[in-house]
Amino acid sequence: MDLDAVRTFVAVADAGQFQEAAAHLTITQQAVSKRVAALEKSLGVRLFTRTARGARLTIDGQAFLPHARDLLRAEERAAASVRPGSRALRVDVIGRRLAPAGLLRDFHRAHPGTELDVVTLFDADAAIAAVRSGAIDATIRAVTVTARQLPDGIEAVRVFDERIQLLTGPAHAFAGARAVTPAQLAGHRIWMPGIVAGTEWATYYDDLAAEFGLTIEVTGPDFGAEPLLDTIAESAALATFVGEQTRFIWPVEQDLRRVALHDPTPVYPHSLIWRTDNPHPTLTALRDHLATTRPADRGDAQEWTPRWAR
């Protein structure tokens, strides 16, 4: 439906005159008449009856008017969803089950009136490019480069260090352990088919494997979380790494075990990345929130992060 014609119809209905509607829309009276006539033709009904005092809605016009207003409100909502400065704060996260999504959920609970648009791009490179272009307002990712290597006008601040855990099935050698050291995992098979070479998470796990002499296998197709959990649950040889805040739910009969890692505890560094000239007011609120909710120093806890995150 021609929304300009709908807008013109509403203007005439509100003004009661074609001439006054034309002045309001800054078009000619002839253009108003043509738009209304085209709308009437497409609907197959008369919307106005011309009188000596102007234009009066027909019964069909009265029936159509509230729907016409709904159409214009929907148009405005659609435009606002993508218009810079008026749309919801658009933030990229690595996955909706992972810790960054949890940080956004906590922010929304603290600011329930805030409008958020959560998206998932492929990797940090794609996310930073989207931040630069203005397609998104921010991203929460691991940053594998120094601040000087970030594009001009892009800033990154570490907001959350997530502990990494071992996930095993009930028959695995470490299934009954309360905690293991990364060094103890040397010689054991860690299966992570979702790792894609060149991504920031691949860089992290490559460095983790190199630091402790681990074998991380990425063979086989990545069918998603559920098939991965099925395989781990049934295997006595395979285990996988998961973040402490990763939200997995599995059937009771799988009897999967989360095993803590310590001496040291590997942590995955999540950073908020944004454009310094982005004026979105909700971005400021998000930055302030993450600054106050970042976990405090864990005291004597010995943690490991890659060299690029130190």
# chains A, B, ... in the order shown; residues from 1 in each chain; ligands from 1
>>> residues_around(residues="A:Leu121", least_positions_apart="5", cutoff="12 Å", atoms="only C-alpha atoms", output="count of residues only")
20
>>> residues_around(residues="A:Leu256", least_positions_apart="2", cutoff="6 Å", atoms="only C-alpha atoms", output="list of chain:residue names")
A:Thr168, A:Gly169, A:Ala233, A:Gln254
>>> write_last_selection(atoms="N, CA, C and O atoms", output="mmCIF file, in the first residue's frame")
data_model
loop_
_atom_site.group_PDB
_atom_site.id
_atom_site.type_symbol
_atom_site.label_atom_id
_atom_site.label_comp_id
_atom_site.auth_asym_id
_atom_site.auth_seq_id
_atom_site.Cartn_x
_atom_site.Cartn_y
_atom_site.Cartn_z
ATOM 1 N N THR A 168 32.819 -33.107 30.795
ATOM 2 C CA THR A 168 33.042 -34.519 30.487
ATOM 3 C C THR A 168 31.751 -35.319 30.639
ATOM 4 O O THR A 168 30.796 -34.879 31.287
ATOM 5 N N GLY A 169 31.791 -36.512 30.064
ATOM 6 C CA GLY A 169 30.740 -37.482 30.315
ATOM 7 C C GLY A 169 31.054 -38.283 31.567
ATOM 8 O O GLY A 169 32.151 -38.184 32.132
ATOM 9 N N ALA A 233 28.826 -36.946 26.253
ATOM 10 C CA ALA A 233 28.175 -37.770 27.272
ATOM 11 C C ALA A 233 28.453 -39.251 27.068
ATOM 12 O O ALA A 233 28.562 -40.014 28.040
ATOM 13 N N GLN A 254 22.194 -37.924 30.648
ATOM 14 C CA GLN A 254 23.538 -37.724 30.099
ATOM 15 C C GLN A 254 24.587 -37.618 31.201
ATOM 16 O O GLN A 254 25.748 -37.955 30.987
#
>>> residues_around(residues="stretch 201-205 of chain A", least_positions_apart="6", cutoff="12 Å", atoms="only C-alpha atoms", output="PyMOL selection string")
chain A and resi 94-95+122-125+141-145+164+190-195+211-218+240-243+266-270+304-309
>>> select_by_dssp(residues="stretch 119-258 of chain A", states="strand (DSSP E)", output="count of residues only")
36
>>> atom_distance(atom1="atom CA of A:Phe174", atom2="atom CA of A:Ala197")
28.1 Å
>>> residues_around(residues="A:Val12", least_positions_apart="2", cutoff="10 Å", atoms="only C-alpha atoms", output="PDB file with C-alpha atoms, in the first residue's frame")
ATOM      1  CA  VAL A   6      -2.292   6.739   3.424  1.00  0.00           C
ATOM      2  CA  ARG A   7      -0.539   9.696   5.093  1.00  0.00           C
ATOM      3  CA  THR A   8      -2.445  12.090   2.802  1.00  0.00           C
ATOM      4  CA  PHE A   9      -5.756  10.395   3.629  1.00  0.00           C
ATOM      5  CA  VAL A  10      -5.102  10.816   7.370  1.00  0.00           C
ATOM      6  CA  ASP A  14      -7.738  15.361  10.435  1.00  0.00           C
ATOM      7  CA  ALA A  15      -8.027  18.681   8.624  1.00  0.00           C
ATOM      8  CA  GLY A  16     -11.468  18.152   7.133  1.00  0.00           C
ATOM      9  CA  GLN A  17     -10.309  19.961   3.980  1.00  0.00           C
ATOM     10  CA  PHE A  18      -8.132  19.045   1.020  1.00  0.00           C
ATOM     11  CA  GLN A  19      -6.613  22.519   0.881  1.00  0.00           C
ATOM     12  CA  GLU A  20      -5.576  22.546   4.542  1.00  0.00           C
ATOM     13  CA  ALA A  21      -4.142  19.028   4.231  1.00  0.00           C
ATOM     14  CA  ALA A  22      -2.119  20.175   1.215  1.00  0.00           C
ATOM     15  CA  HIS A  24       0.218  20.697   6.081  1.00  0.00           C
ATOM     16  CA  LEU A  25       1.959  18.249   3.716  1.00  0.00           C
ATOM     17  CA  VAL A  32      -3.689  15.590  -2.459  1.00  0.00           C
ATOM     18  CA  SER A  33      -6.715  14.848  -4.643  1.00  0.00           C
ATOM     19  CA  VAL A  36      -6.697  10.134  -2.285  1.00  0.00           C
ATOM     20  CA  PHE A  48     -14.594  10.996   1.459  1.00  0.00           C
ATOM     21  CA  GLY A  54     -14.788  20.466   2.882  1.00  0.00           C
ATOM     22  CA  ALA A  55     -14.388  16.688   3.024  1.00  0.00           C
ATOM     23  CA  ARG A  56     -16.380  14.297   5.212  1.00  0.00           C
ATOM     24  CA  LEU A  57     -15.427  10.687   5.856  1.00  0.00           C
TER      25      LEU A  57
END
>>> residues_around(residues="A:Ala237", least_positions_apart="2", cutoff="7 Å", atoms="only C-alpha atoms", output="PyMOL selection string")
chain A and resi 172+189+235+239
>>> closest_residue(among="A:Ala210, A:Met1, A:Ala177, A:Ala171", to="A:Leu72", atoms="only C-alpha atoms")
A:Met1
>>> closest_residue(among="A:Val259, A:Ala63, A:Ala291, A:Ile249", to="A:Gln165", atoms="only C-alpha atoms")
A:Val259
>>> select_by_dssp(residues="stretch 106-270 of chain A", states="alpha helix (DSSP H)", output="ChimeraX atom specification")
/A:106-110,124-133,200-212,225-234
>>> atom_distance(atom1="atom CA of A:Leu261", atom2="atom CA of A:Gln302")
10.5 Å
>>> residues_around(residues="A:Asp277", least_positions_apart="2", cutoff="8 Å", atoms="only C-alpha atoms", output="PyMOL selection string")
chain A and resi 153+275+279
>>> atom_distance(atom1="atom CA of A:Ala285", atom2="atom CA of A:Ala110")
10.4 Å
>>> closest_residue(among="A:Ala37, A:Leu3, A:Ala183, A:Val118", to="A:Asp70", atoms="only C-alpha atoms")
A:Leu3
>>> residues_around(residues="A:Phe107", least_positions_apart="2", cutoff="8 Å", atoms="only C-alpha atoms", output="PyMOL selection string")
chain A and resi 103-105+109-111+286+289-290
>>> closest_residue(among="A:Thr146, A:Ser133, A:Gln184, A:Thr231", to="A:Pro170", atoms="only C-alpha atoms")
A:Thr231
>>> closest_residue(among="A:Thr282, A:Ala13, A:Val45, A:Leu238", to="A:Pro66", atoms="only C-alpha atoms")
A:Ala13
